[in-house]
Structures are given as structure tokens and as C-alpha cells.
>>> print(open('my_file25.cif').read())   # mmCIF, C-alpha atoms
data_data
loop_
_atom_site.label_atom_id
_atom_site.label_comp_id
_atom_site.auth_asym_id
_atom_site.auth_seq_id
_atom_site.Cartn_x
_atom_site.Cartn_y
_atom_site.Cartn_z
CA MET A 197 30.05 -8.40 -33.88
CA PRO A 198 32.17 -5.70 -32.12
CA ALA A 199 29.98 -3.03 -33.71
CA THR A 200 26.85 -4.81 -32.47
CA SER A 201 28.29 -5.12 -28.97
CA ASN A 202 29.20 -1.44 -28.90
CA PHE A 203 25.70 -0.51 -30.06
CA GLN A 204 24.06 -2.67 -27.38
CA GLU A 205 26.38 -1.22 -24.75
CA ALA A 206 25.46 2.30 -25.83
CA ILE A 207 21.75 1.45 -25.46
CA ARG A 208 22.35 0.05 -21.96
CA GLU A 209 24.28 3.15 -20.94
CA ALA A 210 21.53 5.42 -22.26
CA GLN A 211 18.89 3.48 -20.35
CA TYR A 212 21.04 3.44 -17.22
CA GLY A 213 21.61 7.17 -17.46
CA ALA A 214 17.86 7.83 -17.55
CA LEU A 215 17.52 6.34 -14.07
CA VAL A 216 17.99 8.53 -11.02
CA GLY A 217 18.55 5.55 -8.73
CA PRO A 218 19.23 2.31 -10.63
CA ASN A 219 19.67 0.33 -7.40
CA VAL A 220 17.00 1.99 -5.27
CA VAL A 221 14.40 -0.77 -5.73
CA ASN A 222 16.70 -3.53 -4.55
CA ARG A 223 17.81 -1.42 -1.59
CA ALA A 224 14.22 -0.59 -0.65
CA LEU A 225 12.69 -4.06 -0.82
CA PRO A 226 14.08 -5.42 2.49
CA TYR A 227 12.60 -2.43 4.31
CA VAL A 228 9.22 -2.93 2.61
CA GLY A 229 9.26 -6.52 3.86
CA GLY A 230 10.33 -5.45 7.34
CA GLY A 231 7.53 -2.89 7.43
CA MET A 232 5.00 -5.57 6.53
CA VAL A 233 6.24 -7.82 9.35
CA LEU A 234 5.96 -4.98 11.86
CA THR A 235 2.48 -4.16 10.55
CA ALA A 236 1.40 -7.78 11.08
CA ALA A 237 2.74 -7.58 14.65
CA GLY A 238 0.74 -4.39 15.20
CA VAL A 239 -2.43 -6.06 13.91
CA LEU A 240 -1.97 -9.00 16.28
CA GLY A 241 -1.31 -6.61 19.17
CA GLY A 242 -4.45 -4.61 18.42
CA MET A 243 -6.61 -7.71 18.10
CA SER A 244 -5.24 -9.04 21.40
CA LEU A 245 -6.08 -5.73 23.09
CA MET A 246 -9.63 -5.88 21.68
CA VAL A 247 -10.09 -9.18 23.49
CA SER A 248 -8.21 -8.50 26.73
CA ALA A 249 -9.12 -4.81 27.31
CA PRO A 250 -11.79 -3.68 24.81
CA ALA A 251 -12.47 -0.44 26.71
CA LEU A 252 -8.90 0.69 26.00
CA PHE A 253 -8.90 -0.11 22.32
CA MET A 254 -10.86 2.84 20.89
CA PRO A 255 -9.06 5.56 22.87
CA LEU A 256 -5.71 4.06 21.84
CA PHE A 257 -6.94 3.67 18.26
CA TRP A 258 -7.62 7.41 17.93
CA VAL A 259 -4.29 8.29 19.52
CA ALA A 260 -2.54 5.89 17.15
CA LEU A 261 -4.40 7.25 14.12
CA ILE A 262 -3.44 10.85 14.87
CA GLY A 263 0.11 9.84 15.75
CA ASN A 264 0.40 7.96 12.46
CA PHE A 265 -0.30 11.08 10.42
CA ILE A 266 2.46 12.91 12.27
CA LEU A 267 4.91 10.03 11.94
CA PHE A 268 4.22 9.74 8.22
CA PHE A 269 5.21 13.33 7.48
CA VAL A 270 8.26 13.15 9.76
CA ALA A 271 9.41 9.90 8.13
CA GLN A 272 8.75 11.13 4.61
CA ASN A 273 10.65 14.36 5.18
CA ALA A 274 13.67 12.58 6.66
CA ALA A 275 13.64 9.86 3.98
CA MET A 276 13.45 12.36 1.11
CA LYS A 277 16.51 14.10 2.53
CA ALA A 278 18.23 10.67 2.70
CA ASN A 279 18.54 11.15 6.47
CA ASN A 280 18.11 7.41 6.86
CA SER A 281 19.38 7.12 10.43
CA THR A 282 16.46 9.30 11.52
CA ALA A 283 13.92 7.94 9.05
CA LEU A 284 14.42 4.25 9.84
CA PRO A 285 13.22 4.17 13.49
CA VAL A 286 10.34 6.51 12.62
CA LEU A 287 9.31 4.25 9.75
CA ALA A 288 9.53 1.19 11.99
CA THR A 289 7.26 2.86 14.55
CA TYR A 290 4.93 4.03 11.79
CA SER A 291 4.61 0.47 10.43
CA LEU A 292 3.87 -0.97 13.86
CA ILE A 293 1.22 1.64 14.64
CA THR A 294 -0.31 1.24 11.18
CA GLY A 295 -0.86 -2.42 12.03
CA PHE A 296 -2.61 -1.41 15.24
CA THR A 297 -4.97 0.90 13.34
CA LEU A 298 -5.76 -1.92 10.89
CA SER A 299 -6.65 -4.42 13.60
CA GLY A 300 -10.29 -3.28 13.54
CA ILE A 301 -10.89 -4.03 9.86
CA VAL A 302 -8.95 -7.30 10.10
CA SER A 303 -11.03 -8.36 13.09
CA TYR A 304 -14.21 -7.42 11.21
CA ALA A 305 -13.06 -9.38 8.15
CA VAL A 306 -12.46 -12.45 10.32
CA ALA A 307 -15.96 -12.14 11.78
CA ALA A 308 -17.57 -11.47 8.39
CA ALA A 309 -15.75 -13.94 6.15
CA GLY A 310 -13.49 -16.04 8.38
CA VAL A 311 -9.73 -16.20 8.89
CA GLY A 312 -9.37 -17.37 5.30
CA ALA A 313 -10.34 -13.91 4.08
CA VAL A 314 -7.24 -12.40 5.69
CA GLY A 315 -5.07 -15.19 4.30
CA THR A 316 -6.56 -14.70 0.84
CA ALA A 317 -5.93 -10.95 0.94
CA ALA A 318 -2.34 -11.47 2.12
CA LEU A 319 -1.70 -14.13 -0.55
CA ALA A 320 -3.21 -11.99 -3.31
CA THR A 321 -1.07 -9.05 -2.20
CA GLY A 322 2.05 -11.20 -2.25
CA ILE A 323 1.28 -12.60 -5.71
CA THR A 324 0.69 -9.08 -7.01
CA PHE A 325 4.07 -8.05 -5.62
CA LEU A 326 5.86 -10.89 -7.42
CA ILE A 327 4.16 -10.22 -10.75
CA ALA A 328 4.63 -6.45 -10.48
CA SER A 329 8.28 -6.92 -9.55
CA PHE A 330 8.91 -8.82 -12.77
CA PHE A 331 6.85 -6.81 -15.24
CA GLY A 332 7.04 -3.38 -13.59
CA ARG A 333 10.82 -3.22 -14.00
CA ARG A 334 10.49 -4.08 -17.68
CA MET A 335 7.79 -1.61 -18.70
CA SER A 336 8.59 0.71 -21.57
CA ASP A 337 8.48 4.44 -20.97
CA SER A 338 5.28 4.82 -22.99
CA VAL A 339 3.45 2.12 -21.00
CA GLY A 340 4.92 3.22 -17.66
CA GLN A 341 4.05 6.88 -18.13
CA SER A 342 0.54 6.09 -19.37
CA LEU A 343 -0.16 3.72 -16.49
CA SER A 344 1.22 6.28 -14.01
CA ALA A 345 -1.18 8.92 -15.37
CA VAL A 346 -4.15 6.54 -15.21
CA VAL A 347 -3.33 5.50 -11.63
CA GLY A 348 -2.89 9.13 -10.59
CA LEU A 349 -6.29 10.09 -11.97
CA GLY A 350 -7.80 6.93 -10.47
CA ILE A 351 -6.57 7.82 -6.99
CA ILE A 352 -8.25 11.22 -7.27
CA GLY A 353 -11.49 9.53 -8.31
CA LEU A 354 -11.21 7.00 -5.49
CA VAL A 355 -10.71 9.73 -2.89
CA ILE A 356 -13.78 11.59 -4.19
CA ALA A 357 -15.85 8.38 -4.11
CA MET A 358 -14.75 7.62 -0.54
CA VAL A 359 -15.67 11.15 0.59
CA VAL A 360 -19.10 10.69 -1.01
CA GLN A 361 -19.42 7.35 0.77
CA LEU A 362 -18.42 8.87 4.12
CA VAL A 363 -20.92 11.72 3.84
CA GLY A 364 -23.64 9.53 2.37
CA SER A 365 -23.30 6.91 5.11
CA PHE A 366 -24.62 9.46 7.63
CA PHE A 367 -27.84 9.91 5.66
CA ALA A 368 -28.37 6.54 3.96
CA PRO A 369 -26.07 3.96 5.55
CA SER A 370 -27.78 1.02 3.90
CA MET A 371 -27.04 2.52 0.47
CA PHE A 372 -23.54 3.95 0.94
CA ALA A 373 -21.89 1.97 3.74
CA ALA A 374 -22.66 -1.46 2.28
CA GLY A 375 -24.15 -3.12 -0.75
CA GLY A 376 -23.41 -2.10 -4.31
CA PHE A 377 -21.68 1.19 -3.53
CA GLU A 378 -19.18 -0.46 -1.17
CA LEU A 379 -18.62 -3.27 -3.66
CA MET A 380 -17.90 -0.71 -6.39
CA ILE A 381 -15.38 1.19 -4.25
CA ALA A 382 -13.69 -1.98 -3.00
CA GLY A 383 -13.40 -3.38 -6.53
CA PHE A 384 -12.15 -0.12 -8.00
CA GLY A 385 -9.64 0.35 -5.18
CA THR A 386 -8.32 -3.17 -5.65
CA VAL A 387 -7.80 -2.71 -9.40
CA LEU A 388 -6.29 0.73 -8.85
CA PHE A 389 -3.67 -0.43 -6.35
CA VAL A 390 -2.79 -3.45 -8.46
CA GLY A 391 -1.94 -0.90 -11.13
CA ALA A 392 -0.06 1.21 -8.58
CA ALA A 393 2.04 -1.84 -7.68
CA PHE A 394 3.31 -2.01 -11.26
CA VAL A 395 3.83 1.75 -11.38
CA ASP A 396 6.00 1.68 -8.23
CA PHE A 397 8.59 -0.57 -9.84
CA TYR A 398 8.68 1.68 -12.89
CA THR A 399 8.75 5.08 -11.16
CA MET A 400 11.00 4.40 -8.15
CA PRO A 401 14.32 4.29 -10.04
CA ARG A 402 13.22 7.36 -11.99
CA SER A 403 12.12 9.36 -8.93
CA TYR A 404 14.52 8.48 -6.08
CA SER A 405 18.28 8.33 -5.85
CA ASP A 406 19.91 5.24 -4.41
CA ASP A 407 20.33 7.05 -1.07
CA GLN A 408 16.58 7.72 -0.91
CA TYR A 409 15.71 4.05 -0.65
CA LEU A 410 13.64 4.58 2.50
CA ALA A 411 11.47 7.15 0.71
CA GLY A 412 10.90 4.61 -2.04
CA ALA A 413 10.20 1.90 0.51
CA LEU A 414 7.58 4.08 2.21
CA GLY A 415 5.74 4.67 -1.06
CA MET A 416 5.78 0.99 -1.97
CA TYR A 417 4.73 -0.01 1.56
CA LEU A 418 1.68 2.25 1.33
CA THR A 419 0.73 0.75 -2.04
CA TYR A 420 0.68 -2.79 -0.68
CA ILE A 421 -1.03 -1.86 2.58
CA ASN A 422 -3.79 -0.16 0.60
CA LEU A 423 -4.03 -3.12 -1.76
CA PHE A 424 -4.42 -5.48 1.20
CA ILE A 425 -7.13 -3.26 2.73
CA PHE A 426 -9.15 -2.99 -0.48
CA ILE A 427 -8.96 -6.73 -1.12
CA LEU A 428 -10.29 -7.27 2.41
CA ARG A 429 -13.07 -4.78 1.76
CA LEU A 430 -13.90 -6.53 -1.49
CA ILE A 431 -14.11 -9.92 0.23
CA ILE A 432 -16.34 -8.47 2.96
CA ALA A 433 -18.58 -6.79 0.37
CA LEU A 434 -18.88 -10.03 -1.59
CA GLN A 435 -19.93 -11.74 1.65
CA GLY A 436 -22.76 -9.22 1.99
CA GLY A 437 -20.98 -6.92 4.45
CA GLY A 438 -20.79 -9.56 7.10
CA ARG A 439 -24.50 -10.29 7.24
CA ARG A 440 -25.21 -13.92 7.95
CA ASP A 441 -28.45 -15.59 6.90
#
>>> encode(input="my_file25.cif", output="C-alpha cells")
Amino acid sequence: MPATSNFQEAIREAQYGALVGPNVVNRALPYVGGGMVLTAAGVLGGMSLMVSAPALFMPLFWVALIGNFILFFVAQNAAMKANNSTALPVLATYSLITGFTLSGIVSYAVAAAGVGAVGTAALATGITFLIASFFGRRMSDSVGQSLSAVVGLGIIGLVIAMVVQLVGSFFAPSMFAAGGFELMIAGFGTVLFVGAAFVDFYTMPRSYSDDQYLAGALGMYLTYINLFIFILRLIIALQGGGRRD
């Protein structure tokens, strides 16, 4: 029995030593949740502005969109350096503004498929998080590395498909902006970011130290925001792009 215990302890130590930040996931999760709450507040603020002052919404949307790109790189740089006192307020602002930029698609989803579509997307995202949290931490290296490679290649393919859709929508909007092409992209994006949710729980402790928990939180936050968006797009596409008979 002592020999067995020593052997099991040696295995645990070897596994622990392979991790850069064994506690980074647990430290990051509260900030992922906080970012989601701030994003929801930003969505509500944007939707309220669309009703109360619609002429102001689009100018502010473009300012927010450009500002978000800047905030992302500032936050990522500070978080990677574990400069968390600087990264935290920037990330909070980034999450709030992200919600504002998402208010348009959320409003469109409500009009196209009802409030239930948003609730369904949020619930599906939450369920994915719970399942990924359990299984993603327990993936073997062979499965985790293979899934990471597949997701990485998938993201490249998704970006290419979205560029094709963007360009094609100028010439044949009925073909590229809605219908089968949009359904394909929305479905592929949903499956891809479900996979990315599992990958996050595997890669975070192997990529970030415990002090880089905000960098890990930012990556995980983006995964679940994108998952939510693609589920919404999928629901809208399944509803015929919002066309009512």
C-alpha cells in the first residue's frame, strides 16, 4: 500500500508540474462571470438607447466598436504582463462596451425570433460552460492537443468564410447574407466555439501562470461571447432570417 501511495503521489506531482498555472482557471472564473454581467448591462443600455434616441445609436456604435479594438489590445497586454491593477478596469470597460456593440444583434434576434431566442442562447451558453468545465479539466493531453489543433484550424476556416460572406453580401445579399450560407456559418461557428469552450479549460493552466488569471479570463470571455453570438445567429437563420409569413 505505501508503494502504491508513493506511485500515485509521483503521478500527481508529474501532472501538477506540467501545469504553468494550476490555479489559474479558478482565479479567472469570477472575472469571466463579472464580464458577462457587465456585457448584459451594456446590451440593455444599447437597446434602451435604440428606443429613446435612435439617431444617437449608430454614431455611438461605431465609436464603441473602434474603442473596443483599442481596449482589447491594451487589456491583453496588461493582463499578459500580470499587471492586473491596470488590466481590471480596462477589462471591465471592455466588457461593458462589448455589450453595447451587441445590442443591435440582440435587438434583431428579439424581433426575428422573440425574447425566447435570447434566453435560449444564454441558457445554451451556460450549459456549455458547465459541461466544458467538468470535462475540459479532465481531458488527456492527446485529446486536448488534438481538439486544440482542430479548433485552431476551424477558426481560420470560419474567418475565411465570414470574409467571403461579407464580400458576397454586397453582390448577392439574398445568397450570402441569409439563407443556406448564413445557416452554414452560424452552425459551424456554434460547433466550433463549443469545442473552444472545452479547449479553454484544458489550455489555460498550460498557457498562463496563476498571476495571469485576467489574461485567461479574457480568452474564456471571448469564447463564450462568440458562442452566444453564433447561437443567436443560428436561431435567426432557422427562423428564416427574421422573415415573417
>>> resolve_selection(input="my_file25.cif", expression="the PyMOL selection byres ((chain A and resi 385) around 9)", output="list of chain:residue names")
A:Gly350, A:Ile351, A:Leu354, A:Met380, A:Ile381, A:Ala382, A:Gly383, A:Phe384, A:Thr386, A:Val387, A:Leu388, A:Phe389, A:Val390, A:Asn422, A:Leu423, A:Phe426, A:Ile427, A:Leu430
>>> residues_around(input="my_file25.cif", residues="Ser336 of chain A", least_positions_apart="2", cutoff="12 Å", atoms="only C-alpha atoms", output="list in words")
Gln211, Phe331, Gly332, Arg333, Arg334, Ser338, Val339, Gly340, Gln341, Ser342, Leu343, Ser344, Phe394, Val395, Phe397, Tyr398 and Thr399 of chain A
>>> atom_distance(input="my_file25.cif", atom1="atom CA of Thr235 of chain A", atom2="atom CA of Val247 of chain A")
18.7 Å
>>> atom_distance(input="my_file25.cif", atom1="atom CA of Ser405 of chain A", atom2="atom CA of Leu418 of chain A")
19.1 Å
>>> atom_distance(input="my_file25.cif", atom1="atom CA of Ser403 of chain A", atom2="atom CA of Gly217 of chain A")
7.5 Å
>>> resolve_selection(input="my_file25.cif", expression="the PyMOL selection byres ((chain A and resi 320-326) around 9)", output="list in words")
Gly315, Thr316, Ala317, Ala318, Leu319, Ile327, Ala328, Ser329, Phe330, Phe331, Val390, Ala393, Phe394, Tyr420, Ile421, Leu423, Phe424 and Ile427 of chain A
>>> residues_around(input="my_file25.cif", residues="Leu240 of chain A", least_positions_apart="2", cutoff="10 Å", atoms="all atoms listed in the file", output="PDB file with C-alpha atoms, keeping the file's coordinate frame")
ATOM      1  CA  LEU A 234       5.960  -4.980  11.860  1.00  0.00           C
ATOM      2  CA  THR A 235       2.480  -4.160  10.550  1.00  0.00           C
ATOM      3  CA  ALA A 236       1.400  -7.780  11.080  1.00  0.00           C
ATOM      4  CA  ALA A 237       2.740  -7.580  14.650  1.00  0.00           C
ATOM      5  CA  GLY A 238       0.740  -4.390  15.200  1.00  0.00           C
ATOM      6  CA  GLY A 242      -4.450  -4.610  18.420  1.00  0.00           C
ATOM      7  CA  MET A 243      -6.610  -7.710  18.100  1.00  0.00           C
ATOM      8  CA  SER A 244      -5.240  -9.040  21.400  1.00  0.00           C
ATOM      9  CA  LEU A 245      -6.080  -5.730  23.090  1.00  0.00           C
ATOM     10  CA  MET A 246      -9.630  -5.880  21.680  1.00  0.00           C
ATOM     11  CA  GLY A 295      -0.860  -2.420  12.030  1.00  0.00           C
ATOM     12  CA  PHE A 296      -2.610  -1.410  15.240  1.00  0.00           C
ATOM     13  CA  LEU A 298      -5.760  -1.920  10.890  1.00  0.00           C
ATOM     14  CA  SER A 299      -6.650  -4.420  13.600  1.00  0.00           C
ATOM     15  CA  VAL A 302      -8.950  -7.300  10.100  1.00  0.00           C
ATOM     16  CA  SER A 303     -11.030  -8.360  13.090  1.00  0.00           C
TER      17      SER A 303
END
>>> closest_residue(input="my_file25.cif", among="A:Gly375, A:Gly241, A:Gly310, A:Gly230", to="Ser291 of chain A", atoms="only C-alpha atoms")
A:Gly230
>>> resolve_selection(input="my_file25.cif", expression="the PyMOL selection byres ((chain A and resi 226) around 12)", output="ChimeraX atom specification")
/A:220-225,227-233,409-410,412-414,416-417
>>> residues_around(input="my_file25.cif", residues="Leu284 of chain A", least_positions_apart="3", cutoff="8 Å", atoms="all atoms listed in the file", output="PyMOL selection string")
chain A and resi 271+280-281+287-288+410
>>> write_last_selection(input="my_file25.cif", atoms="C-alpha atoms", output="mmCIF file, keeping the file's coordinate frame")
data_model
loop_
_atom_site.group_PDB
_atom_site.id
_atom_site.type_symbol
_atom_site.label_atom_id
_atom_site.label_comp_id
_atom_site.auth_asym_id
_atom_site.auth_seq_id
_atom_site.Cartn_x
_atom_site.Cartn_y
_atom_site.Cartn_z
ATOM 1 C CA ALA A 271 9.410 9.900 8.130
ATOM 2 C CA ASN A 280 18.110 7.410 6.860
ATOM 3 C CA SER A 281 19.380 7.120 10.430
ATOM 4 C CA LEU A 287 9.310 4.250 9.750
ATOM 5 C CA ALA A 288 9.530 1.190 11.990
ATOM 6 C CA LEU A 410 13.640 4.580 2.500
#
>>> residues_around(input="my_file25.cif", residues="Asn264 of chain A", least_positions_apart="4", cutoff="8 Å", atoms="all atoms listed in the file", output="PyMOL selection string")
chain A and resi 260+268+290+293-294
>>> write_last_selection(input="my_file25.cif", atoms="C-alpha atoms", output="JSON list (two decimals), in the frame of the given file")
[["chain", "number", "residue", "atom", "x", "y", "z"],
["A", 260, "ALA", "CA", -2.54, 5.89, 17.15],
["A", 268, "PHE", "CA", 4.22, 9.74, 8.22],
["A", 290, "TYR", "CA", 4.93, 4.03, 11.79],
["A", 293, "ILE", "CA", 1.22, 1.64, 14.64],
["A", 294, "THR", "CA", -0.31, 1.24, 11.18]]
>>> closest_residue(input="my_file25.cif", among="A:Met358, A:Ala307, A:Met400, A:Ala411", to="Val270 of chain A", atoms="all atoms listed in the file")
A:Ala411
>>> closest_residue(input="my_file25.cif", among="A:Leu434, A:Phe366, A:Leu256, A:Leu428", to="Tyr304 of chain A", atoms="all atoms listed in the file")
A:Leu428
>>> build_atoms(input="my_file25.cif", residues="segment 240-261 of chain A", atoms="N, CA and C atoms", output="short mmCIF file (atom, residue, chain, number, x, y, z; two decimals), in the frame of the given file")
data_model
loop_
_atom_site.label_atom_id
_atom_site.label_comp_id
_atom_site.auth_asym_id
_atom_site.auth_seq_id
_atom_site.Cartn_x
_atom_site.Cartn_y
_atom_site.Cartn_z
N LEU A 240 -1.78 -7.99 15.24
CA LEU A 240 -1.97 -9.00 16.28
C LEU A 240 -2.07 -8.35 17.66
N GLY A 241 -1.25 -7.32 17.90
CA GLY A 241 -1.31 -6.61 19.17
C GLY A 241 -2.65 -5.92 19.37
N GLY A 242 -3.15 -5.28 18.32
CA GLY A 242 -4.45 -4.61 18.42
C GLY A 242 -5.58 -5.58 18.64
N MET A 243 -5.56 -6.72 17.94
CA MET A 243 -6.61 -7.71 18.10
C MET A 243 -6.57 -8.33 19.50
N SER A 244 -5.37 -8.52 20.04
CA SER A 244 -5.24 -9.04 21.40
C SER A 244 -5.81 -8.05 22.41
N LEU A 245 -5.56 -6.76 22.18
CA LEU A 245 -6.08 -5.73 23.09
C LEU A 245 -7.61 -5.67 23.01
N MET A 246 -8.17 -5.88 21.83
CA MET A 246 -9.63 -5.88 21.68
C MET A 246 -10.28 -6.98 22.51
N VAL A 247 -9.56 -8.06 22.71
CA VAL A 247 -10.09 -9.18 23.49
C VAL A 247 -9.83 -8.98 24.98
N SER A 248 -8.60 -8.58 25.33
CA SER A 248 -8.21 -8.50 26.73
C SER A 248 -8.68 -7.22 27.42
N ALA A 249 -8.71 -6.08 26.70
CA ALA A 249 -9.12 -4.81 27.31
C ALA A 249 -9.85 -3.97 26.27
N PRO A 250 -11.07 -4.38 25.88
CA PRO A 250 -11.79 -3.68 24.81
C PRO A 250 -12.06 -2.21 25.10
N ALA A 251 -12.19 -1.84 26.38
CA ALA A 251 -12.47 -0.44 26.71
C ALA A 251 -11.29 0.46 26.36
N LEU A 252 -10.09 -0.10 26.32
CA LEU A 252 -8.90 0.69 26.00
C LEU A 252 -8.65 0.84 24.51
N PHE A 253 -9.27 -0.05 23.73
CA PHE A 253 -8.90 -0.11 22.32
C PHE A 253 -9.24 1.18 21.57
N MET A 254 -10.47 1.67 21.67
CA MET A 254 -10.86 2.84 20.89
C MET A 254 -10.09 4.10 21.26
N PRO A 255 -9.89 4.40 22.56
CA PRO A 255 -9.06 5.56 22.87
C PRO A 255 -7.65 5.46 22.29
N LEU A 256 -7.06 4.26 22.40
CA LEU A 256 -5.71 4.06 21.84
C LEU A 256 -5.73 4.10 20.32
N PHE A 257 -6.82 3.64 19.72
CA PHE A 257 -6.94 3.67 18.26
C PHE A 257 -6.87 5.11 17.75
N TRP A 258 -7.62 6.02 18.38
CA TRP A 258 -7.62 7.41 17.93
C TRP A 258 -6.27 8.08 18.16
N VAL A 259 -5.63 7.76 19.27
CA VAL A 259 -4.29 8.29 19.52
C VAL A 259 -3.32 7.79 18.46
N ALA A 260 -3.42 6.48 18.16
CA ALA A 260 -2.54 5.89 17.15
C ALA A 260 -2.79 6.48 15.77
N LEU A 261 -4.05 6.72 15.44
CA LEU A 261 -4.40 7.25 14.12
C LEU A 261 -3.83 8.65 13.93
#
